[in-house]
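S.K.: Take this structure, written in structure tokens, and hold onto it; I'll ask about it next.
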Amino acid sequence: MATTTQAPPARPPATSTDRRRRIAARPAAWIVWGVVIFFFLNLLGVVASVLVSSFGQRWFDTWLPDGYTTSWYARAWDEFALLSVIVVTLEVSVLVVGLSLLIGVPAAYALARRSFPGKRLIFLVFLLPILMPPITYGIPLATVLYKFGLAGHMSGVVLANLVPSVPFVILTMTPFIEQIDPRIESAARMCGAGLRTVFLRVLTPLLVPGILASAILVLVRTVGMFELTFLTAGPDSQTLVVALYYSMSASGIRAQQSVDAMAVIYTSMMLVLLVVALRYVNPTQLVARVKDEPEH
Amino acid sequence: MSGAGPGRPLAHWQHRLAERGVDRQLWLLVPALVFVIALFLYPFFYGLTLSFQPTTGGPFSDYARFFSDSYERGTIWITLRIALPAALLNVLAAVPIAYRMRGRFRGKRLVTTLLVVPITLGTVLTAQGLLNFLGPTGWFNRILLASNLVDEPVRLTHNYWGVFFSLVITGFPFAFLLVLSYLSGIDPTLERAAATLGADWRRRFTRITLPLLMPGLATTFCLTFVLAFSVFPSAVLVGNPAGETRVISLAAYQAAYEQYDYPYASAIAMIMGFVELVIIAVVLAARSRFYTGSTGGKG
């Protein structure tokens with residue numbers, strides 16, 4: 001992937017001029033690029049309007065706000081008790097990531113290595129939580145969690161968020177495990193290592209890249225997960241997205257700009273996560289399990 | 001690990017299972033299975049049975065109540081009317097753009113990285129941004145007014161279009177990245193061979209690439225549709241939650257958290273899941289008609 005920015009050394013001038021001429025010759029290319037640029041401009045507008053508004057003093061019927069201030073951030077921080085919200089968000093995410101790795105990685109190993117009766121059925125069952133919209137299973141799940149007194153505080157939020165996370169870990173880990181030569185494990189077995197030693201001393205070190213990748217993907221998804229947290233959270237177990245939603249749907253009570261400031265805090269948190277994530281994973285992995293190897 | 005005793009009948013039994021691939025290593029699956037059963041299958045069947053035990057009336061009265069009330073019944077149509085066009089547009093727009101970008105070019109990494117941004121931002125923030133950007137005094141309408149394209153601001157928020165745009169902004173990058181990875185999984189030499197045999201780009205696309213891409217497109221459509229079908233926050237925030245964007249997830253939510261009628265909410269959730277699975281089943285059935293083997297690429 002790192003090689004994409006470098007032109008192949010063999011014939012760099014020829015390829016670049018070829019490409020330029022081909023783009024100039026085809027109107028279809030211009031239409032495609034036009035659509036992409038239009039999409040990005042609107043995306044930029046969506047994000048920038050929140051950003052500008054959060055720094056604006058008063059912004060009514062004008063292109064830009066009258067003056068600029070950072071006071072909305074302080075107000076949002078106090079009004080929405082953002083410190084505790086962020087702490088809750090981090091606690092929930094760390095718990096979800098840790099638990100889903102503990103549950104998911106061994107299962108991914110068994111599914112990747114073994115064949116046994118009913119494997120397809122089990123795989124389908126693990127796939128279902130990803131295929132179903134969160135609201136569909138979230139409402140019965142929240143009902144059950146409330147019945148057992150688990151919802152309304154953090155344990156319910158963590159349990160609910162595990163439902164899509166564990167299958168996601170299984171799906172992202174399976175290709176990483178398949179890449180490891182089974183003969184390495186056999187050699188370890190020959191030398192007298194038990195299943196636990198094979199796991200801890202042989203497989204885990206080899207799987208670190210995969211574990212990191214799926215941990216970060218689960219982290220991004222958990223911080224951004226709205227529906228399940230919304231259905232199971234109580235007043236003091238809201239994550240940042242849910243707090244943002246409540247402040248938006250109750251807008252009118254509070255100034256628009258302080259809601260915007262909160263949205264910017266959420267955005268910057270997500271962007272930090274995203275920058276970290278992209279160091280370890282391919283962008284396509286954020287949406288699906290796809291192996292993308294660099295071209296040679 | 002399993003704590004099985006050394007008794008002979010048990011060993012015999014274990015041996016026969018091991019021949020079929022069942023042995024102690026499968027204990028690794030147990031935590032995940034317990035988890036899926038406890039947190040996914042059990043709640044699902046609990047909701048299913050709950051939906052047949054309404055607070056008043058016979059076992060099917062909550063379903064009858066949903067389908068007899070046109071305000072409730074209409075939510076299915078409203079959801080489909082938003083989700084199907086949005087998912088279709090996202091997938092169809094992604095194909096030519098991904099086709100154009102499938103090779104290597106400068107800044108490809110930047111484009112794909114930028115496209116991930118709206119996916120991670122999520123629907124809540126997108127809704128907030130759309131309210132500011134597309135609102136009557138937002139930049140979008142200002143540009144339209146300033147360039148004399150319209151006489152008065154176009155109403156794009158708090159109605160169908162606001163929800164639609166929010167689905168496009170979060171759904172299109174998702175569809176694009178998936179289609180791009182499916183496209184780069186198709187061996188480029190297949191197309192080159194067709195070009196050598198004299199096929200122009202149109203024929204190469206319709207006869208080689210598109211058929212190989214169809215299964216991937218069907219999967220992409222399903223995943224994008226699931227996202228669009230469960231639209232909830234943006235339907236409330238940029239839509240008109242009392243009218244034209246009262247989607248089915250909103251109806252389920254209101255039944256559960258505003259009327260505290262859990263049987264009815266479960267019934268709506270079941271109907272919602274059923275409608276969604278029907279559409280996915282149709283698409284996947286169509287998908288199985290295409291070649292789904294290896295496409296020989298690097299994917």
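We label chains A, B, ... in the order they appear in the structure tokens, count residues from 1 in each chain, and number ligands from 1 in the order shown.
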Sorted by chain and rising residue number, which residues of chain B lie within 7 Å of chain A, and what are their closest atom pairs and distances in Å to one decimal, counting only C-alpha atoms, as a tab-separated table?
M.R.:
```
residue	atom	partner	partner_atom	distance
B:Arg20	CA	A:Phe116	CA	6.5
B:Gly21	CA	A:Phe116	CA	4.8
B:Val22	CA	A:Phe116	CA	6.0
B:Leu26	CA	A:Ala110	CA	6.2
B:Leu28	CA	A:Pro106	CA	5.1
B:Leu29	CA	A:Ala107	CA	4.4
B:Pro31	CA	A:Ile103	CA	5.8
B:Ala32	CA	A:Ile103	CA	5.4
B:Leu39	CA	A:Val163	CA	6.6
B:Phe40	CA	A:Val163	CA	6.8
B:Pro43	CA	A:Leu141	CA	5.0
B:Phe44	CA	A:Pro140	CA	6.1
B:Gly47	CA	A:Pro140	CA	4.9
B:Ile97	CA	A:Val32	CA	5.7
B:Arg104	CA	A:Thr4	CA	6.4
B:Phe105	CA	A:Thr4	CA	6.8
B:Arg106	CA	A:Thr5	CA	5.4
B:Gly107	CA	A:Thr5	CA	6.8
B:Thr112	CA	A:Pro283	CA	6.3
B:Thr113	CA	A:Pro283	CA	6.1
B:Val116	CA	A:Pro283	CA	6.5
B:Thr120	CA	A:Gly224	CA	6.5
B:Leu121	CA	A:Thr267	CA	6.4
B:Gly122	CA	A:Gly224	CA	6.0
B:Val124	CA	A:Tyr245	CA	6.3
B:Leu125	CA	A:Ala263	CA	6.4
B:Gly129	CA	A:Val46	CA	4.4
B:Leu130	CA	A:Val46	CA	5.6
B:Asn132	CA	A:Ser49	CA	6.0
B:Phe133	CA	A:Val46	CA	5.4
B:Thr137	CA	A:Asp61	CA	5.7
B:Trp139	CA	A:Trp63	CA	6.9
B:Phe174	CA	A:Val287	CA	6.2
B:Leu177	CA	A:Thr284	CA	5.4
B:Leu178	CA	A:Thr284	CA	6.5
B:Ser181	CA	A:Thr284	CA	6.9
B:Val226	CA	A:Pro133	CA	5.8
B:Leu227	CA	A:Pro133	CA	6.8
B:Ser230	CA	A:Pro133	CA	5.3
B:Leu237	CA	A:Ser249	CA	6.6
B:Ser249	CA	A:Ile135	CA	6.4
B:Ser266	CA	A:Pro140	CA	6.1
B:Ala269	CA	A:Thr136	CA	4.9
B:Met270	CA	A:Thr136	CA	6.9
B:Met272	CA	A:Thr136	CA	6.6
B:Gly273	CA	A:Thr136	CA	5.9
B:Lys298	CA	A:Glu293	CA	6.6
B:Gly299	CA	A:Lys291	CA	5.6
```
S.K.: Please dump the current selection as a PDB file, in the first residue's frame; keep C-alpha atoms.
M.R.:
```pdb
ATOM      1  CA  ARG B  20     -16.035 -36.929  12.533  1.00  0.00           C
ATOM      2  CA  GLY B  21     -13.956 -33.927  13.545  1.00  0.00           C
ATOM      3  CA  VAL B  22     -15.392 -33.301  16.992  1.00  0.00           C
ATOM      4  CA  LEU B  26     -13.940 -27.442  19.803  1.00  0.00           C
ATOM      5  CA  LEU B  28     -12.685 -23.081  22.005  1.00  0.00           C
ATOM      6  CA  LEU B  29     -16.016 -22.426  20.343  1.00  0.00           C
ATOM      7  CA  PRO B  31     -17.604 -19.214  24.955  1.00  0.00           C
ATOM      8  CA  ALA B  32     -18.654 -17.668  21.664  1.00  0.00           C
ATOM      9  CA  LEU B  39     -27.348 -12.524  23.963  1.00  0.00           C
ATOM     10  CA  PHE B  40     -28.670 -13.036  20.474  1.00  0.00           C
ATOM     11  CA  PRO B  43     -33.480 -12.494  23.255  1.00  0.00           C
ATOM     12  CA  PHE B  44     -34.671 -13.078  19.730  1.00  0.00           C
ATOM     13  CA  GLY B  47     -39.076 -11.324  21.712  1.00  0.00           C
ATOM     14  CA  ILE B  97     -16.377   5.317  -9.811  1.00  0.00           C
ATOM     15  CA  ARG B 104      -3.162   2.472  -9.055  1.00  0.00           C
ATOM     16  CA  PHE B 105      -2.870   6.230  -9.122  1.00  0.00           C
ATOM     17  CA  ARG B 106      -1.438   8.963  -7.010  1.00  0.00           C
ATOM     18  CA  GLY B 107      -3.595   9.790  -4.040  1.00  0.00           C
ATOM     19  CA  THR B 112     -10.085   5.885   0.285  1.00  0.00           C
ATOM     20  CA  THR B 113      -9.045   7.389   3.610  1.00  0.00           C
ATOM     21  CA  VAL B 116     -13.815   6.258   5.510  1.00  0.00           C
ATOM     22  CA  THR B 120     -16.818   6.507  11.188  1.00  0.00           C
ATOM     23  CA  LEU B 121     -18.594   9.774  11.924  1.00  0.00           C
ATOM     24  CA  GLY B 122     -21.887   7.914  12.022  1.00  0.00           C
ATOM     25  CA  VAL B 124     -25.806  11.334  14.435  1.00  0.00           C
ATOM     26  CA  LEU B 125     -23.006  13.672  13.463  1.00  0.00           C
ATOM     27  CA  GLY B 129     -23.962  18.594   9.851  1.00  0.00           C
ATOM     28  CA  LEU B 130     -26.785  18.219   7.342  1.00  0.00           C
ATOM     29  CA  ASN B 132     -26.446  23.160   9.332  1.00  0.00           C
ATOM     30  CA  PHE B 133     -25.316  22.659   5.760  1.00  0.00           C
ATOM     31  CA  THR B 137     -29.813  29.429   5.685  1.00  0.00           C
ATOM     32  CA  TRP B 139     -24.207  27.134   2.726  1.00  0.00           C
ATOM     33  CA  PHE B 174     -19.330   2.077   2.453  1.00  0.00           C
ATOM     34  CA  LEU B 177     -15.003   0.693  -0.601  1.00  0.00           C
ATOM     35  CA  LEU B 178     -16.691  -2.698  -0.832  1.00  0.00           C
ATOM     36  CA  SER B 181     -12.225  -4.295  -3.082  1.00  0.00           C
ATOM     37  CA  VAL B 226     -29.250  -3.255   6.128  1.00  0.00           C
ATOM     38  CA  LEU B 227     -27.652   0.051   7.068  1.00  0.00           C
ATOM     39  CA  SER B 230     -32.352   0.425  10.198  1.00  0.00           C
ATOM     40  CA  LEU B 237     -33.128  14.452  13.512  1.00  0.00           C
ATOM     41  CA  SER B 249     -37.605   1.340  13.661  1.00  0.00           C
ATOM     42  CA  SER B 266     -41.330  -6.985  19.827  1.00  0.00           C
ATOM     43  CA  ALA B 269     -39.245  -5.632  15.554  1.00  0.00           C
ATOM     44  CA  MET B 270     -40.152  -9.104  14.255  1.00  0.00           C
ATOM     45  CA  MET B 272     -39.073  -5.389  10.622  1.00  0.00           C
ATOM     46  CA  GLY B 273     -36.627  -8.274  10.680  1.00  0.00           C
ATOM     47  CA  LYS B 298      -5.383 -10.895  -5.575  1.00  0.00           C
ATOM     48  CA  GLY B 299      -8.408 -10.671  -3.298  1.00  0.00           C
TER      49      GLY B 299
END
```
S.K.: Write out as a ChimeraX atom specification which residues come within 7 Å of B:Ala228 when counting only C-alpha atoms, dropping same-chain ones fewer than 4 positions away.
M.R.: /B:83,87,167,224
S.K.: Name all residues at most 7 Å from B:Ala255 (count only C-alpha atoms; drop same-chain ones fewer than 5 positions away) and give them as a ChimeraX atom specification.
M.R.: /B:260-262,264-265
S.K.: Measuring atom to atom with only C-alpha atoms, identify which of A:Ala243, A:Tyr68, A:Val96, A:Ser84 is nearest to A:Val157.
M.R.: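 Ranked by minimum distance to A:Val157, first place goes to A:Val96.
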S.K.: Could you work out how far atom CA of B:Arg287 lies from atom CA of B:Arg203, giving the answer in Å with one decimal?
M.R.: 21.5 Å
